[in-house]
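Peer 1: mmCIF, N, CA and C atoms, file work-v2.cif:
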data_upload
loop_
_atom_site.label_atom_id
_atom_site.label_comp_id
_atom_site.auth_asym_id
_atom_site.auth_seq_id
_atom_site.Cartn_x
_atom_site.Cartn_y
_atom_site.Cartn_z
N MET A 237 28.80 -52.34 3.86
CA MET A 237 27.48 -51.83 4.16
C MET A 237 27.49 -51.00 5.43
N LYS A 238 28.30 -51.48 6.46
CA LYS A 238 28.38 -50.73 7.71
C LYS A 238 28.99 -49.35 7.47
N LYS A 239 29.99 -49.27 6.58
CA LYS A 239 30.62 -47.98 6.28
C LYS A 239 29.61 -47.02 5.65
N LEU A 240 28.81 -47.54 4.73
CA LEU A 240 27.81 -46.71 4.06
C LEU A 240 26.77 -46.21 5.06
N LEU A 241 26.35 -47.09 5.97
CA LEU A 241 25.40 -46.70 7.00
C LEU A 241 26.01 -45.67 7.94
N LEU A 242 27.28 -45.86 8.30
CA LEU A 242 27.98 -44.92 9.17
C LEU A 242 28.14 -43.55 8.50
N VAL A 243 28.50 -43.54 7.21
CA VAL A 243 28.64 -42.28 6.47
C VAL A 243 27.28 -41.58 6.38
N GLY A 244 26.23 -42.34 6.12
CA GLY A 244 24.88 -41.77 6.03
C GLY A 244 24.45 -41.16 7.36
N ALA A 245 24.72 -41.84 8.46
CA ALA A 245 24.35 -41.33 9.78
C ALA A 245 25.15 -40.07 10.10
N ALA A 246 26.44 -40.06 9.76
CA ALA A 246 27.28 -38.88 10.02
C ALA A 246 26.77 -37.69 9.19
N ALA A 247 26.42 -37.94 7.94
CA ALA A 247 25.91 -36.87 7.09
C ALA A 247 24.60 -36.32 7.64
N LEU A 248 23.76 -37.19 8.15
CA LEU A 248 22.49 -36.76 8.72
C LEU A 248 22.73 -35.86 9.93
N VAL A 249 23.69 -36.24 10.78
CA VAL A 249 24.01 -35.42 11.96
C VAL A 249 24.58 -34.07 11.54
N VAL A 250 25.47 -34.07 10.57
CA VAL A 250 26.08 -32.82 10.11
C VAL A 250 25.04 -31.90 9.49
N PHE A 251 24.21 -32.44 8.60
CA PHE A 251 23.24 -31.60 7.90
C PHE A 251 22.06 -31.19 8.77
N SER A 252 21.76 -31.98 9.79
CA SER A 252 20.65 -31.58 10.65
C SER A 252 21.03 -30.39 11.53
N GLY A 253 22.33 -30.16 11.70
CA GLY A 253 22.80 -28.99 12.45
C GLY A 253 22.75 -27.73 11.63
N CYS A 254 22.61 -27.85 10.31
CA CYS A 254 22.53 -26.68 9.44
C CYS A 254 21.08 -26.39 9.13
N TYR A 255 20.71 -25.16 9.18
CA TYR A 255 19.35 -24.78 8.83
C TYR A 255 19.37 -23.38 8.28
N LYS A 256 18.37 -23.11 7.53
CA LYS A 256 18.23 -21.77 6.96
C LYS A 256 17.36 -20.95 7.90
N LYS A 257 17.88 -19.86 8.35
CA LYS A 257 17.12 -18.99 9.23
C LYS A 257 16.13 -18.20 8.41
N GLU A 258 14.87 -18.28 8.79
CA GLU A 258 13.83 -17.52 8.11
C GLU A 258 13.95 -16.05 8.51
N VAL A 259 13.85 -15.19 7.52
CA VAL A 259 13.87 -13.75 7.78
C VAL A 259 12.43 -13.29 7.88
N ALA A 260 12.09 -12.68 8.98
CA ALA A 260 10.72 -12.20 9.16
C ALA A 260 10.45 -11.08 8.18
N PRO A 261 9.31 -11.13 7.50
CA PRO A 261 8.98 -10.05 6.56
C PRO A 261 8.72 -8.76 7.32
N GLU A 262 9.00 -7.66 6.65
CA GLU A 262 8.71 -6.36 7.26
C GLU A 262 7.20 -6.22 7.40
N SER A 263 6.80 -5.46 8.38
CA SER A 263 5.37 -5.23 8.52
C SER A 263 4.89 -4.42 7.33
N SER A 264 3.64 -4.63 6.97
CA SER A 264 3.07 -3.89 5.85
C SER A 264 3.12 -2.39 6.11
N ALA A 265 2.84 -2.00 7.35
CA ALA A 265 2.84 -0.58 7.67
C ALA A 265 4.21 0.04 7.41
N LYS A 266 5.27 -0.67 7.74
CA LYS A 266 6.62 -0.12 7.52
C LYS A 266 6.90 0.02 6.02
N THR A 267 6.55 -1.00 5.25
CA THR A 267 6.77 -0.93 3.81
C THR A 267 5.91 0.15 3.18
N LEU A 268 4.66 0.25 3.61
CA LEU A 268 3.77 1.27 3.06
C LEU A 268 4.29 2.68 3.30
N THR A 269 4.94 2.88 4.45
CA THR A 269 5.38 4.23 4.81
C THR A 269 6.79 4.56 4.36
N THR A 270 7.52 3.62 3.85
CA THR A 270 8.89 3.91 3.41
C THR A 270 9.04 3.81 1.89
N THR A 271 7.94 3.61 1.20
CA THR A 271 7.95 3.44 -0.24
C THR A 271 7.20 4.59 -0.90
N LYS A 272 7.71 5.04 -2.05
CA LYS A 272 6.97 6.00 -2.88
C LYS A 272 6.02 5.19 -3.73
N TRP A 273 4.75 5.56 -3.73
CA TRP A 273 3.73 4.86 -4.52
C TRP A 273 3.21 5.78 -5.62
N VAL A 274 3.38 5.38 -6.85
CA VAL A 274 2.89 6.17 -7.99
C VAL A 274 1.86 5.35 -8.76
N ILE A 275 0.94 6.05 -9.40
CA ILE A 275 -0.14 5.37 -10.11
C ILE A 275 0.41 4.55 -11.27
N ASP A 276 -0.08 3.36 -11.39
CA ASP A 276 0.23 2.52 -12.55
C ASP A 276 -0.96 2.55 -13.49
N LYS A 277 -2.16 2.33 -12.92
CA LYS A 277 -3.35 2.46 -13.74
C LYS A 277 -4.58 2.61 -12.86
N HIS A 278 -5.57 3.19 -13.47
CA HIS A 278 -6.87 3.34 -12.83
C HIS A 278 -7.91 3.00 -13.88
N VAL A 279 -8.82 2.11 -13.52
CA VAL A 279 -9.82 1.67 -14.48
C VAL A 279 -11.18 2.00 -13.90
N PRO A 280 -12.13 2.51 -14.61
CA PRO A 280 -11.98 3.00 -15.98
C PRO A 280 -11.56 4.46 -16.01
N ILE A 281 -10.90 4.83 -17.07
CA ILE A 281 -10.56 6.24 -17.28
C ILE A 281 -11.50 6.76 -18.36
N LYS A 282 -12.27 7.73 -18.01
CA LYS A 282 -13.19 8.34 -18.97
C LYS A 282 -12.59 9.66 -19.43
N ALA A 283 -12.89 10.03 -20.61
CA ALA A 283 -12.37 11.29 -21.16
C ALA A 283 -12.66 12.43 -20.19
N GLY A 284 -11.66 13.21 -19.90
CA GLY A 284 -11.81 14.33 -18.98
C GLY A 284 -11.73 13.93 -17.52
N GLY A 285 -11.68 12.64 -17.23
CA GLY A 285 -11.66 12.17 -15.85
C GLY A 285 -10.27 12.03 -15.27
N GLU A 286 -9.24 12.31 -16.05
CA GLU A 286 -7.88 12.17 -15.58
C GLU A 286 -7.60 13.05 -14.36
N CYS A 287 -8.29 14.16 -14.27
CA CYS A 287 -8.07 15.08 -13.15
C CYS A 287 -8.54 14.49 -11.83
N ALA A 288 -9.37 13.46 -11.87
CA ALA A 288 -9.88 12.83 -10.66
C ALA A 288 -8.99 11.69 -10.18
N ILE A 289 -7.93 11.39 -10.93
CA ILE A 289 -7.07 10.25 -10.61
C ILE A 289 -5.76 10.76 -10.00
N ALA A 290 -5.42 10.21 -8.86
CA ALA A 290 -4.18 10.59 -8.17
C ALA A 290 -2.98 10.04 -8.91
N SER A 291 -1.91 10.82 -8.95
CA SER A 291 -0.68 10.35 -9.57
C SER A 291 0.22 9.67 -8.55
N GLU A 292 -0.03 9.93 -7.27
CA GLU A 292 0.84 9.41 -6.21
C GLU A 292 0.05 9.37 -4.91
N ILE A 293 0.43 8.40 -4.07
CA ILE A 293 -0.10 8.36 -2.71
C ILE A 293 1.09 8.26 -1.76
N VAL A 294 1.03 9.04 -0.70
CA VAL A 294 2.09 9.05 0.31
C VAL A 294 1.45 8.68 1.64
N LEU A 295 1.99 7.66 2.28
CA LEU A 295 1.52 7.22 3.58
C LEU A 295 2.67 7.41 4.57
N ASN A 296 2.48 8.28 5.53
CA ASN A 296 3.52 8.59 6.51
C ASN A 296 3.40 7.71 7.74
N ALA A 297 4.53 7.49 8.41
CA ALA A 297 4.57 6.66 9.61
C ALA A 297 3.76 7.27 10.76
N ASP A 298 3.52 8.58 10.72
CA ASP A 298 2.74 9.23 11.79
C ASP A 298 1.24 9.14 11.54
N SER A 299 0.82 8.24 10.66
CA SER A 299 -0.59 7.98 10.33
C SER A 299 -1.26 9.11 9.58
N THR A 300 -0.48 9.94 8.93
CA THR A 300 -1.04 10.94 8.02
C THR A 300 -0.67 10.52 6.60
N GLY A 301 -1.38 11.04 5.65
CA GLY A 301 -1.07 10.72 4.27
C GLY A 301 -1.73 11.71 3.34
N TYR A 302 -1.42 11.57 2.07
CA TYR A 302 -2.05 12.43 1.07
C TYR A 302 -1.93 11.82 -0.31
N TYR A 303 -2.90 12.18 -1.15
CA TYR A 303 -2.88 11.87 -2.57
C TYR A 303 -2.41 13.12 -3.29
N VAL A 304 -1.69 12.94 -4.38
CA VAL A 304 -1.27 14.05 -5.23
C VAL A 304 -2.06 13.94 -6.53
N TYR A 305 -2.75 15.03 -6.87
CA TYR A 305 -3.52 15.11 -8.11
C TYR A 305 -2.85 16.15 -9.00
N PRO A 306 -2.26 15.72 -10.13
CA PRO A 306 -1.49 16.65 -10.96
C PRO A 306 -2.31 17.68 -11.71
N THR A 307 -3.58 17.40 -11.94
CA THR A 307 -4.43 18.36 -12.64
C THR A 307 -5.70 18.60 -11.82
N LYS A 308 -6.32 19.74 -12.06
CA LYS A 308 -7.53 20.10 -11.33
C LYS A 308 -8.75 19.88 -12.21
N CYS A 309 -9.83 19.41 -11.59
CA CYS A 309 -11.11 19.29 -12.30
C CYS A 309 -11.86 20.62 -12.22
N ALA A 310 -11.67 21.32 -11.11
CA ALA A 310 -12.30 22.63 -10.91
C ALA A 310 -11.24 23.58 -10.36
N SER A 311 -11.44 24.86 -10.56
CA SER A 311 -10.42 25.84 -10.16
C SER A 311 -10.13 25.82 -8.66
N ASP A 312 -11.09 25.40 -7.84
CA ASP A 312 -10.86 25.40 -6.39
C ASP A 312 -10.33 24.06 -5.86
N ASP A 313 -10.03 23.10 -6.75
CA ASP A 313 -9.46 21.82 -6.32
C ASP A 313 -8.04 22.01 -5.82
N ALA A 314 -7.74 21.36 -4.72
CA ALA A 314 -6.36 21.35 -4.21
C ALA A 314 -5.58 20.26 -4.94
N ASP A 315 -4.25 20.45 -5.03
CA ASP A 315 -3.45 19.43 -5.70
C ASP A 315 -3.12 18.26 -4.77
N THR A 316 -3.36 18.41 -3.47
CA THR A 316 -3.17 17.31 -2.53
C THR A 316 -4.44 17.11 -1.70
N LEU A 317 -4.73 15.87 -1.43
CA LEU A 317 -5.87 15.52 -0.59
C LEU A 317 -5.32 14.81 0.64
N ARG A 318 -5.35 15.51 1.76
CA ARG A 318 -4.76 14.99 3.00
C ARG A 318 -5.78 14.19 3.80
N PHE A 319 -5.27 13.23 4.58
CA PHE A 319 -6.12 12.38 5.40
C PHE A 319 -5.28 11.74 6.51
N ASN A 320 -5.97 11.18 7.49
CA ASN A 320 -5.33 10.34 8.51
C ASN A 320 -5.69 8.90 8.16
N TRP A 321 -4.81 7.97 8.46
CA TRP A 321 -5.07 6.58 8.10
C TRP A 321 -4.56 5.64 9.18
N ARG A 322 -5.16 4.46 9.17
CA ARG A 322 -4.64 3.36 9.99
C ARG A 322 -4.94 2.06 9.26
N LEU A 323 -4.10 1.10 9.49
CA LEU A 323 -4.19 -0.20 8.85
C LEU A 323 -5.00 -1.13 9.75
N SER A 324 -5.90 -1.92 9.17
CA SER A 324 -6.67 -2.87 9.96
C SER A 324 -5.74 -3.98 10.47
N ALA A 325 -6.18 -4.68 11.51
CA ALA A 325 -5.36 -5.73 12.12
C ALA A 325 -4.97 -6.81 11.11
N GLU A 326 -5.88 -7.17 10.23
CA GLU A 326 -5.58 -8.21 9.24
C GLU A 326 -4.91 -7.65 7.99
N GLU A 327 -4.67 -6.34 7.97
CA GLU A 327 -4.00 -5.64 6.89
C GLU A 327 -4.73 -5.76 5.55
N ALA A 328 -6.05 -5.84 5.61
CA ALA A 328 -6.86 -5.93 4.40
C ALA A 328 -7.54 -4.60 4.07
N ASN A 329 -7.54 -3.67 5.02
CA ASN A 329 -8.19 -2.37 4.82
C ASN A 329 -7.37 -1.26 5.44
N MET A 330 -7.56 -0.06 4.90
CA MET A 330 -7.07 1.14 5.55
C MET A 330 -8.29 1.99 5.88
N TYR A 331 -8.28 2.57 7.05
CA TYR A 331 -9.37 3.43 7.48
C TYR A 331 -8.90 4.86 7.40
N TYR A 332 -9.57 5.66 6.56
CA TYR A 332 -9.23 7.07 6.40
C TYR A 332 -10.19 7.90 7.25
N THR A 333 -9.65 8.88 7.92
CA THR A 333 -10.47 9.86 8.65
C THR A 333 -9.95 11.24 8.31
N ASN A 334 -10.76 12.24 8.63
CA ASN A 334 -10.39 13.64 8.42
C ASN A 334 -9.94 13.90 6.97
N VAL A 335 -10.60 13.26 6.04
CA VAL A 335 -10.24 13.39 4.62
C VAL A 335 -10.52 14.81 4.16
N GLY A 336 -9.54 15.42 3.56
CA GLY A 336 -9.69 16.79 3.07
C GLY A 336 -9.96 17.79 4.18
N GLY A 337 -9.60 17.44 5.41
CA GLY A 337 -9.83 18.33 6.54
C GLY A 337 -11.25 18.25 7.09
N ASP A 338 -12.08 17.38 6.54
CA ASP A 338 -13.47 17.23 6.99
C ASP A 338 -13.52 16.13 8.07
N PRO A 339 -13.74 16.50 9.35
CA PRO A 339 -13.75 15.51 10.42
C PRO A 339 -14.89 14.51 10.31
N ASN A 340 -15.90 14.79 9.50
CA ASN A 340 -17.04 13.89 9.34
C ASN A 340 -16.89 12.92 8.16
N PHE A 341 -15.88 13.13 7.33
CA PHE A 341 -15.70 12.24 6.17
C PHE A 341 -14.76 11.11 6.56
N ARG A 342 -15.32 9.91 6.59
CA ARG A 342 -14.55 8.70 6.91
C ARG A 342 -14.84 7.68 5.82
N VAL A 343 -13.85 6.89 5.50
CA VAL A 343 -14.05 5.89 4.45
C VAL A 343 -13.09 4.72 4.69
N VAL A 344 -13.56 3.54 4.28
CA VAL A 344 -12.72 2.34 4.32
C VAL A 344 -12.20 2.12 2.92
N VAL A 345 -10.88 2.00 2.80
CA VAL A 345 -10.24 1.73 1.51
C VAL A 345 -9.67 0.32 1.60
N GLY A 346 -10.17 -0.56 0.75
CA GLY A 346 -9.72 -1.95 0.77
C GLY A 346 -8.40 -2.13 0.06
N ILE A 347 -7.61 -3.05 0.56
CA ILE A 347 -6.34 -3.40 -0.08
C ILE A 347 -6.58 -4.73 -0.80
N SER A 348 -6.76 -4.66 -2.13
CA SER A 348 -7.03 -5.86 -2.91
C SER A 348 -5.77 -6.69 -3.09
N ASP A 349 -4.67 -6.03 -3.31
CA ASP A 349 -3.41 -6.73 -3.55
C ASP A 349 -2.31 -5.88 -2.96
N TYR A 350 -1.41 -6.53 -2.28
CA TYR A 350 -0.30 -5.78 -1.71
C TYR A 350 0.96 -6.63 -1.74
N ARG A 351 1.98 -6.09 -2.32
CA ARG A 351 3.32 -6.67 -2.29
C ARG A 351 4.26 -5.51 -2.04
N TYR A 352 5.51 -5.80 -1.84
CA TYR A 352 6.47 -4.74 -1.59
C TYR A 352 6.59 -3.77 -2.75
N ASP A 353 6.17 -4.20 -3.95
CA ASP A 353 6.33 -3.36 -5.14
C ASP A 353 5.01 -2.95 -5.80
N ALA A 354 3.88 -3.35 -5.24
CA ALA A 354 2.59 -3.00 -5.83
C ALA A 354 1.52 -2.90 -4.74
N LEU A 355 0.64 -1.96 -4.93
CA LEU A 355 -0.43 -1.71 -3.97
C LEU A 355 -1.70 -1.42 -4.76
N GLU A 356 -2.70 -2.29 -4.61
CA GLU A 356 -3.97 -2.08 -5.30
C GLU A 356 -5.02 -1.72 -4.27
N LEU A 357 -5.55 -0.50 -4.40
CA LEU A 357 -6.56 0.00 -3.48
C LEU A 357 -7.91 0.01 -4.18
N ARG A 358 -8.95 -0.39 -3.43
CA ARG A 358 -10.30 -0.37 -3.98
C ARG A 358 -11.20 0.44 -3.05
N CYS A 359 -12.02 1.27 -3.66
CA CYS A 359 -12.92 2.12 -2.89
C CYS A 359 -14.03 2.59 -3.82
N GLN A 360 -15.26 2.39 -3.43
CA GLN A 360 -16.40 2.82 -4.23
C GLN A 360 -16.72 4.30 -4.01
N THR A 361 -16.27 4.83 -2.88
CA THR A 361 -16.57 6.20 -2.51
C THR A 361 -15.51 7.13 -3.06
N LYS A 362 -15.94 8.29 -3.55
CA LYS A 362 -15.01 9.34 -3.97
C LYS A 362 -15.08 10.46 -2.94
N TYR A 363 -14.00 11.21 -2.85
CA TYR A 363 -14.04 12.43 -2.05
C TYR A 363 -14.27 13.57 -3.04
N LYS A 364 -15.44 14.18 -2.94
CA LYS A 364 -15.88 15.16 -3.94
C LYS A 364 -15.79 14.47 -5.30
N ASN A 365 -14.96 14.91 -6.19
CA ASN A 365 -14.87 14.26 -7.50
C ASN A 365 -13.57 13.46 -7.65
N ARG A 366 -12.87 13.22 -6.56
CA ARG A 366 -11.56 12.56 -6.62
C ARG A 366 -11.65 11.08 -6.23
N TYR A 367 -11.01 10.23 -7.05
CA TYR A 367 -10.94 8.81 -6.75
C TYR A 367 -9.93 8.55 -5.63
N LEU A 368 -10.22 7.54 -4.82
CA LEU A 368 -9.32 7.13 -3.74
C LEU A 368 -8.74 5.74 -4.01
N ASP A 369 -9.00 5.21 -5.18
CA ASP A 369 -8.52 3.87 -5.50
C ASP A 369 -7.55 3.91 -6.67
N GLY A 370 -7.03 2.76 -7.01
CA GLY A 370 -6.12 2.65 -8.13
C GLY A 370 -5.06 1.60 -7.87
N ILE A 371 -4.28 1.34 -8.86
CA ILE A 371 -3.16 0.41 -8.74
C ILE A 371 -1.90 1.24 -8.75
N PHE A 372 -1.17 1.17 -7.65
CA PHE A 372 0.04 1.95 -7.46
C PHE A 372 1.24 1.02 -7.43
N VAL A 373 2.36 1.50 -7.92
CA VAL A 373 3.60 0.71 -7.91
C VAL A 373 4.67 1.46 -7.15
N ALA A 374 5.58 0.69 -6.60
CA ALA A 374 6.68 1.28 -5.85
C ALA A 374 7.61 2.02 -6.81
N ASN A 375 8.04 3.19 -6.37
CA ASN A 375 8.95 4.01 -7.16
C ASN A 375 10.11 4.42 -6.27
N GLY A 376 10.79 3.44 -5.71
CA GLY A 376 11.92 3.72 -4.82
C GLY A 376 11.48 3.91 -3.39
N THR A 377 12.45 4.23 -2.56
CA THR A 377 12.16 4.46 -1.16
C THR A 377 12.22 5.95 -0.87
N ARG A 378 11.58 6.34 0.23
CA ARG A 378 11.57 7.75 0.62
C ARG A 378 12.66 8.00 1.63
#
Turn this file's structure into structure tokens for me.

Peer 2:
Amino acid sequence: MKKLLLVGAAALVVFSGCYKKEVAPESSAKTLTTTKWVIDKHVPIKAGGECAIASEIVLNADSTGYYVYPTKCASDDADTLRFNWRLSAEEANMYYTNVGGDPNFRVVVGISDYRYDALELRCQTKYKNRYLDGIFVANGTR
């Protein structure tokens, strides 16, 4: 019995010295700015409304970003919608300013779901006729 107790105590000492080091997750801002985000889906899609849905969102580390719209709804629509952004402290919202070059257009875009491979943005406000929300998926790194 003493041998079993001694072996158990020795094993406890040996195994208590081993531990798994936790790896700190990357900050959301770093992942958001180093990943290509492409549209997975946007609900609802109405006939003819595809031109209002971005195919990609790019968030740069210098707090600038843009949406890519592959088709135009009107002849004067730009294929990219540029903006400045910042992430809220709790990482639940992004604050857009200077949207489309308009210093007076500001909007809060909520982050409903965020993982390293998926980004779900929610926003009730549109910029002109363009949506700012959608479910985007990671498409590699930039």

Peer 1: Apply the PyMOL selection byres ((chain A and resi 286-302) around 6) to the structure shown and report the selected residues as a compact mmCIF listing (two decimals) with N, CA and C atoms, keeping the file's coordinate frame.

Peer 2:
# COMPACT_ATOMS: atom_id res chain seq x y z
N LEU A 268 4.66 0.25 3.61
CA LEU A 268 3.77 1.27 3.06
C LEU A 268 4.29 2.68 3.30
N THR A 269 4.94 2.88 4.45
CA THR A 269 5.38 4.23 4.81
C THR A 269 6.79 4.56 4.36
N TRP A 273 4.75 5.56 -3.73
CA TRP A 273 3.73 4.86 -4.52
C TRP A 273 3.21 5.78 -5.62
N VAL A 274 3.38 5.38 -6.85
CA VAL A 274 2.89 6.17 -7.99
C VAL A 274 1.86 5.35 -8.76
N ILE A 275 0.94 6.05 -9.40
CA ILE A 275 -0.14 5.37 -10.11
C ILE A 275 0.41 4.55 -11.27
N LYS A 282 -12.27 7.73 -18.01
CA LYS A 282 -13.19 8.34 -18.97
C LYS A 282 -12.59 9.66 -19.43
N ALA A 283 -12.89 10.03 -20.61
CA ALA A 283 -12.37 11.29 -21.16
C ALA A 283 -12.66 12.43 -20.19
N GLY A 284 -11.66 13.21 -19.90
CA GLY A 284 -11.81 14.33 -18.98
C GLY A 284 -11.73 13.93 -17.52
N GLY A 285 -11.68 12.64 -17.23
CA GLY A 285 -11.66 12.17 -15.85
C GLY A 285 -10.27 12.03 -15.27
N TYR A 303 -2.90 12.18 -1.15
CA TYR A 303 -2.88 11.87 -2.57
C TYR A 303 -2.41 13.12 -3.29
N VAL A 304 -1.69 12.94 -4.38
CA VAL A 304 -1.27 14.05 -5.23
C VAL A 304 -2.06 13.94 -6.53
N TYR A 305 -2.75 15.03 -6.87
CA TYR A 305 -3.52 15.11 -8.11
C TYR A 305 -2.85 16.15 -9.00
N PRO A 306 -2.26 15.72 -10.13
CA PRO A 306 -1.49 16.65 -10.96
C PRO A 306 -2.31 17.68 -11.71
N THR A 307 -3.58 17.40 -11.94
CA THR A 307 -4.43 18.36 -12.64
C THR A 307 -5.70 18.60 -11.82
N LYS A 308 -6.32 19.74 -12.06
CA LYS A 308 -7.53 20.10 -11.33
C LYS A 308 -8.75 19.88 -12.21
N CYS A 309 -9.83 19.41 -11.59
CA CYS A 309 -11.11 19.29 -12.30
C CYS A 309 -11.86 20.62 -12.22
N THR A 316 -3.36 18.41 -3.47
CA THR A 316 -3.17 17.31 -2.53
C THR A 316 -4.44 17.11 -1.70
N LEU A 317 -4.73 15.87 -1.43
CA LEU A 317 -5.87 15.52 -0.59
C LEU A 317 -5.32 14.81 0.64
N ARG A 318 -5.35 15.51 1.76
CA ARG A 318 -4.76 14.99 3.00
C ARG A 318 -5.78 14.19 3.80
N PHE A 319 -5.27 13.23 4.58
CA PHE A 319 -6.12 12.38 5.40
C PHE A 319 -5.28 11.74 6.51
N ASN A 320 -5.97 11.18 7.49
CA ASN A 320 -5.33 10.34 8.51
C ASN A 320 -5.69 8.90 8.16
N TRP A 321 -4.81 7.97 8.46
CA TRP A 321 -5.07 6.58 8.10
C TRP A 321 -4.56 5.64 9.18
N ARG A 322 -5.16 4.46 9.17
CA ARG A 322 -4.64 3.36 9.99
C ARG A 322 -4.94 2.06 9.26
N ASN A 365 -14.96 14.91 -6.19
CA ASN A 365 -14.87 14.26 -7.50
C ASN A 365 -13.57 13.46 -7.65
N ARG A 366 -12.87 13.22 -6.56
CA ARG A 366 -11.56 12.56 -6.62
C ARG A 366 -11.65 11.08 -6.23
N TYR A 367 -11.01 10.23 -7.05
CA TYR A 367 -10.94 8.81 -6.75
C TYR A 367 -9.93 8.55 -5.63

Peer 1: Take atom C of A:Ala325 and atom N of A:Gly346 and report the distance between them in Å, one decimal.

Peer 2: 13.2 Å

Peer 1: Name every residue that the PyMOL selection byres ((chain A and resi 343-345) around 8) selects in this structure, writing the answer as a list in words with chains first and numbers rising.

Peer 2: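 So the PyMOL selection byres ((chain A and resi 343-345) around 8), applied here, picks out Ala328, Asn329, Met330, Tyr331, Tyr332, Thr333, Asn334, Val335, Asn340, Phe341, Arg342, Gly346, Ile347, Ser348, Glu356, Leu357, Arg358, Cys359, Gln360, Thr361, Leu368 and Asp369 of chain A.
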
Peer 1: Could you expand the PyMOL selection byres ((chain A and resi 271) around 6.5) into the explicit residues it covers here, written as a list in words?

Peer 2: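 Taken on the displayed file, the PyMOL selection byres ((chain A and resi 271) around 6.5) yields the residues Lys266, Thr267, Leu268, Thr269, Thr270, Lys272, Trp273, Ala374, Asn375, Gly376, Thr377 and Arg378 of chain A.
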
Peer 1: Mind giving me the straight-line distance from atom N of A:Phe372 to atom C of A:Asp276 in Å, one decimal?

Peer 2: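 Separation between atom N of A:Phe372 and atom C of A:Asp276: 6.0 Å.
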
Peer 1: Quick check, in Å to one decimal: how far apart do atom N of A:Val373 and atom N of A:Asp353 lie?

Peer 2: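 So the answer is 7.9 Å.
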
Peer 1: Closest to A:Asp313 among A:Gly336, A:Lys362, A:Ala265, A:Glu326, using only C-alpha atoms?

Peer 2: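 For A:Asp313, the nearest of the given residues is A:Gly336.
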
Peer 1: So which one's closest to A:Gly337, A:Ala354, A:Ile371, A:Val279, A:Ala314? Using only C-alpha atoms, please.

Peer 2: A:Ala314
